[in-house]
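Asks: Dropping a structure here in structure tokens format, bear with me for questions.
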Amino acid sequence: MSWSTSGGPGRITGGGAVVARAPAKVNVHLSIAPLRPDGYHDLQTVFLAVSLFDTVTVRPAEGLSLTVSGEGTTAEPGVDRVPTDRRNLVWRAAVLLAEQSGVKARAAIDIAKAIPAAAGLAGGSADAAAALVALDALWNTGATRGELAGLAAQLGSDVPFSLLGGVALGSGRGERLSPVLARRQTHWVLGIAREGLSTPSVYAELDRLRATGRLPDGTELPSPQPVIAALSNGPPSALAEALTNDLEAPAIALRPELRRALTAATDAGALNAFLSGSGPTVAALAEDEDTAVRLAATLAGEGVFRTVRVVHGPVPGARLVG
Ligand code: ATP
């Protein structure tokens, strides 16, 4: 398939740069079915896009190049490094979009990261979604949002949600999305750990704990409806009660100090605290924005986390800025 390149002009700013940003996500419901013979897990999840954004800037260039700044690029020991070559999901996004639209993959791409890597916040997926949107405008590919979503699903199971944003029910491996109407803003403190956790290792630990009977086998998945109802119309306390994450127990098994971090968040006044996706980020739900700011100050003072961020959601998915 190749798209016509005769669509409307891209939104190109001074110096020919196009800028897009995309949000981090929290899975407010995450239930995981047993391992499939092909090595994957089906899952049911409710994604919530939150106000922590990576920014991707693309400029015309002779070839393809990538620079990364911000979170994940410091020399701080233990902080995960983000790759700057073809292992980066943004590189793959650029190559895929160029192939599909019949253009040469020519761009100088810069990723400014605010979303920590390997934190269960889908930072790499956010970057890929922002890159699709920015490069689509730079190259004037004429791709529809649906066509970009198709490419997003080829890049990774969280990328379609990073493109869509808001709140969505995800099934399959998370790439099949149904948008959910959420009338309320929710306020969170994200407690970010010093070292990331690899998502495949957390899934492997889940399988191990299930095989040894230390966790239920996952054949009966809990319904996401309580979380959806709470996000649609309920008070924050209803959402706090409904939060679920099947990856929390295996992540804690791999990183036992996470239990102390979760307790620190609820002791400091969170309505509830759980791990975001495969962790190790702690997502602490607050009653309102003021409470979230106070909670963040307390947790920052206790030094349990490398850093804390106050965020809210839902927010839109990948968008051009400027
Ligand atoms: P998940 O989507 O499973 O929740 P995550 O949020 O825990 O993933 P990411 O930040 O997406 O994790 O990074 C996972 C790994 O992907 C990193 O350790 C890194 O090696 C690789 N990676 C590739 N591209 C990127 C990128 N643009 N930003 C961050 N990590 C990337």
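Within each chain, counting starts at residue 1; across the structure tokens, chains are named A, B, ... in the order shown, with ligands numbered 1 upward in that order.
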Grab me every residue within 7 Å of ligand 1, counting only C-alpha atoms and all ligand atoms, and send it over as a PDB file with N, CA and C atoms, in the first residue's frame.
Replies:
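The new file pocket_33.pdb reads:
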ATOM      1  N   ASP A  80      17.844   4.324  33.097  1.00  0.00           N
ATOM      2  CA  ASP A  80      17.940   3.581  31.835  1.00  0.00           C
ATOM      3  C   ASP A  80      18.263   4.483  30.663  1.00  0.00           C
ATOM      4  N   ARG A  81      19.098   4.002  29.791  1.00  0.00           N
ATOM      5  CA  ARG A  81      19.464   4.759  28.591  1.00  0.00           C
ATOM      6  C   ARG A  81      18.465   4.451  27.484  1.00  0.00           C
ATOM      7  N   VAL A  82      18.104   5.465  26.755  1.00  0.00           N
ATOM      8  CA  VAL A  82      17.224   5.280  25.609  1.00  0.00           C
ATOM      9  C   VAL A  82      18.102   5.128  24.367  1.00  0.00           C
ATOM     10  N   PRO A  83      17.878   4.101  23.541  1.00  0.00           N
ATOM     11  CA  PRO A  83      18.722   3.927  22.348  1.00  0.00           C
ATOM     12  C   PRO A  83      18.525   5.069  21.353  1.00  0.00           C
ATOM     13  N   ARG A  87      17.195   0.690  17.086  1.00  0.00           N
ATOM     14  CA  ARG A  87      16.434   0.021  18.156  1.00  0.00           C
ATOM     15  C   ARG A  87      15.370   0.950  18.737  1.00  0.00           C
ATOM     16  N   ASN A  88      15.526   2.249  18.509  1.00  0.00           N
ATOM     17  CA  ASN A  88      14.523   3.190  19.011  1.00  0.00           C
ATOM     18  C   ASN A  88      13.239   3.058  18.182  1.00  0.00           C
ATOM     19  N   LEU A  89      12.110   3.000  18.881  1.00  0.00           N
ATOM     20  CA  LEU A  89      10.814   2.820  18.214  1.00  0.00           C
ATOM     21  C   LEU A  89      10.531   3.957  17.227  1.00  0.00           C
ATOM     22  N   VAL A  90      11.086   5.119  17.469  1.00  0.00           N
ATOM     23  CA  VAL A  90      10.877   6.261  16.575  1.00  0.00           C
ATOM     24  C   VAL A  90      11.558   6.010  15.226  1.00  0.00           C
ATOM     25  N   PRO A 116       9.928   8.822  31.705  1.00  0.00           N
ATOM     26  CA  PRO A 116      11.063   7.931  31.944  1.00  0.00           C
ATOM     27  C   PRO A 116      10.933   6.619  31.164  1.00  0.00           C
ATOM     28  N   ALA A 117      12.074   6.034  30.791  1.00  0.00           N
ATOM     29  CA  ALA A 117      12.066   4.786  30.021  1.00  0.00           C
ATOM     30  C   ALA A 117      11.839   3.588  30.932  1.00  0.00           C
ATOM     31  N   ALA A 118      11.251   2.549  30.361  1.00  0.00           N
ATOM     32  CA  ALA A 118      11.026   1.268  31.061  1.00  0.00           C
ATOM     33  C   ALA A 118      10.360   1.484  32.411  1.00  0.00           C
ATOM     34  N   ALA A 119       9.381   2.394  32.415  1.00  0.00           N
ATOM     35  CA  ALA A 119       8.718   2.777  33.664  1.00  0.00           C
ATOM     36  C   ALA A 119       7.267   2.328  33.719  1.00  0.00           C
ATOM     37  N   GLY A 120       6.808   1.612  32.666  1.00  0.00           N
ATOM     38  CA  GLY A 120       5.399   1.216  32.626  1.00  0.00           C
ATOM     39  C   GLY A 120       4.495   2.361  32.201  1.00  0.00           C
ATOM     40  N   LEU A 121       5.089   3.398  31.578  1.00  0.00           N
ATOM     41  CA  LEU A 121       4.322   4.584  31.177  1.00  0.00           C
ATOM     42  C   LEU A 121       4.230   4.711  29.654  1.00  0.00           C
ATOM     43  N   ALA A 122       4.712   3.712  28.939  1.00  0.00           N
ATOM     44  CA  ALA A 122       4.656   3.670  27.474  1.00  0.00           C
ATOM     45  C   ALA A 122       5.364   4.850  26.816  1.00  0.00           C
ATOM     46  N   GLY A 123       6.520   5.208  27.347  1.00  0.00           N
ATOM     47  CA  GLY A 123       7.276   6.336  26.794  1.00  0.00           C
ATOM     48  C   GLY A 123       7.717   6.094  25.364  1.00  0.00           C
ATOM     49  N   GLY A 124       8.223   4.905  25.075  1.00  0.00           N
ATOM     50  CA  GLY A 124       8.652   4.602  23.711  1.00  0.00           C
ATOM     51  C   GLY A 124       7.470   4.643  22.748  1.00  0.00           C
ATOM     52  N   SER A 125       6.325   4.175  23.209  1.00  0.00           N
ATOM     53  CA  SER A 125       5.126   4.183  22.361  1.00  0.00           C
ATOM     54  C   SER A 125       4.674   5.615  22.103  1.00  0.00           C
ATOM     55  N   ASP A 127       6.588   8.221  21.974  1.00  0.00           N
ATOM     56  CA  ASP A 127       7.523   8.807  21.004  1.00  0.00           C
ATOM     57  C   ASP A 127       7.192   8.350  19.584  1.00  0.00           C
ATOM     58  N   ALA A 128       6.875   7.060  19.452  1.00  0.00           N
ATOM     59  CA  ALA A 128       6.552   6.527  18.121  1.00  0.00           C
ATOM     60  C   ALA A 128       5.291   7.198  17.572  1.00  0.00           C
ATOM     61  N   ASP A 158       1.043  -0.721  22.506  1.00  0.00           N
ATOM     62  CA  ASP A 158       0.583   0.502  23.183  1.00  0.00           C
ATOM     63  C   ASP A 158       0.575   1.721  22.253  1.00  0.00           C
ATOM     64  N   LEU A 197      11.994  -1.420  34.864  1.00  0.00           N
ATOM     65  CA  LEU A 197      11.720  -2.859  34.886  1.00  0.00           C
ATOM     66  C   LEU A 197      11.388  -3.250  33.454  1.00  0.00           C
ATOM     67  N   SER A 198      11.934  -4.362  32.980  1.00  0.00           N
ATOM     68  CA  SER A 198      11.628  -4.738  31.608  1.00  0.00           C
ATOM     69  C   SER A 198      10.268  -5.431  31.578  1.00  0.00           C
ATOM     70  N   THR A 199       9.418  -4.977  30.655  1.00  0.00           N
ATOM     71  CA  THR A 199       8.062  -5.532  30.560  1.00  0.00           C
ATOM     72  C   THR A 199       8.092  -7.052  30.341  1.00  0.00           C
ATOM     73  N   GLY A 277       1.052  -0.186  34.647  1.00  0.00           N
ATOM     74  CA  GLY A 277       1.478  -1.233  33.714  1.00  0.00           C
ATOM     75  C   GLY A 277       2.409  -2.219  34.391  1.00  0.00           C
ATOM     76  N   SER A 278       3.556  -2.454  33.758  1.00  0.00           N
ATOM     77  CA  SER A 278       4.501  -3.428  34.307  1.00  0.00           C
ATOM     78  C   SER A 278       5.414  -2.800  35.363  1.00  0.00           C
ATOM     79  N   GLY A 279       5.131  -1.548  35.753  1.00  0.00           N
ATOM     80  CA  GLY A 279       5.934  -0.891  36.762  1.00  0.00           C
ATOM     81  C   GLY A 279       7.289  -0.493  36.205  1.00  0.00           C
TER      82      GLY A 279
END
Asks: Can you list, as a PyMOL selection string, all residues belonging to segment 111-265 of chain A that DSSP tags as helix (DSSP H, G or I)?
Replies: chain A and resi 123-139+145-155+159-164+199-211+225-233+236-242+248-254+257-265
Asks: Using Å and a single decimal, report how far atom CA of Val159 of chain A sits from atom CA of Leu30 of chain A.
Replies: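 So the two atoms, atom CA of Leu30 of chain A and atom CA of Val159 of chain A, lie 16.5 Å apart.
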Asks: Pick out the residues sitting within 12 Å of segment 250-264 of chain A, and hand them over as a PyMOL selection string; count only C-alpha atoms, and ignore anything fewer than 3 positions along from it in its own chain.
Replies: chain A and resi 119-120+189-210+214-215+245-247+267-285+295-296+298-306+308
Asks: Do you have, as JSON lines, the list of residues of segment 8-56 of chain A lying at most 10 Å from segment 95-111 of chain A, each with its nearest atom pair and that distance in Å to one decimal, counting only C-alpha atoms and ordered by chain then number?
Replies:
{"residue": "A:Ala17", "atom": "CA", "partner": "A:Ala108", "partner_atom": "CA", "distance": 9.3}
{"residue": "A:Val18", "atom": "CA", "partner": "A:Ile109", "partner_atom": "CA", "distance": 9.7}
{"residue": "A:Val19", "atom": "CA", "partner": "A:Asp110", "partner_atom": "CA", "distance": 9.4}
{"residue": "A:Ala20", "atom": "CA", "partner": "A:Ile111", "partner_atom": "CA", "distance": 9.8}
{"residue": "A:Arg21", "atom": "CA", "partner": "A:Ile111", "partner_atom": "CA", "distance": 9.4}
{"residue": "A:Asp54", "atom": "CA", "partner": "A:Ile111", "partner_atom": "CA", "distance": 7.1}
{"residue": "A:Thr55", "atom": "CA", "partner": "A:Ile111", "partner_atom": "CA", "distance": 5.8}
{"residue": "A:Val56", "atom": "CA", "partner": "A:Ile111", "partner_atom": "CA", "distance": 4.6}
Asks: Using only C-alpha atoms for the distances, tell me which of A:Asp38, A:Ala22, A:Val46, A:Pro226 is nearest to Gly170 of chain A.
Replies: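 Of A:Asp38, A:Ala22, A:Val46, A:Pro226, the one nearest Gly170 of chain A is A:Val46, counting only C-alpha atoms.
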Asks: Would you please give, as a ChimeraX atom specification, all residues of segment 135-205 of chain A that DSSP assigns to strand (DSSP E) based on the backbone?
Replies: /A:167-171,176-179,186-192
Asks: To one decimal in Å, tell me the separation between atom CA of Asp42 of chain A and atom CA of Leu148 of chain A.
Replies: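 About the pair atom CA of Asp42 of chain A and atom CA of Leu148 of chain A: they are 23.0 Å apart.
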Asks: Report as number ranges by chain all protein, DNA and RNA residues lying within 7 Å of segment 160-166 of chain A, evaluated on only C-alpha atoms, omitting residues in the same chain fewer than 3 positions from it.
Replies: A: 22-23, 48-49, 125-126, 129, 149, 152-153, 157, 175, 314-318
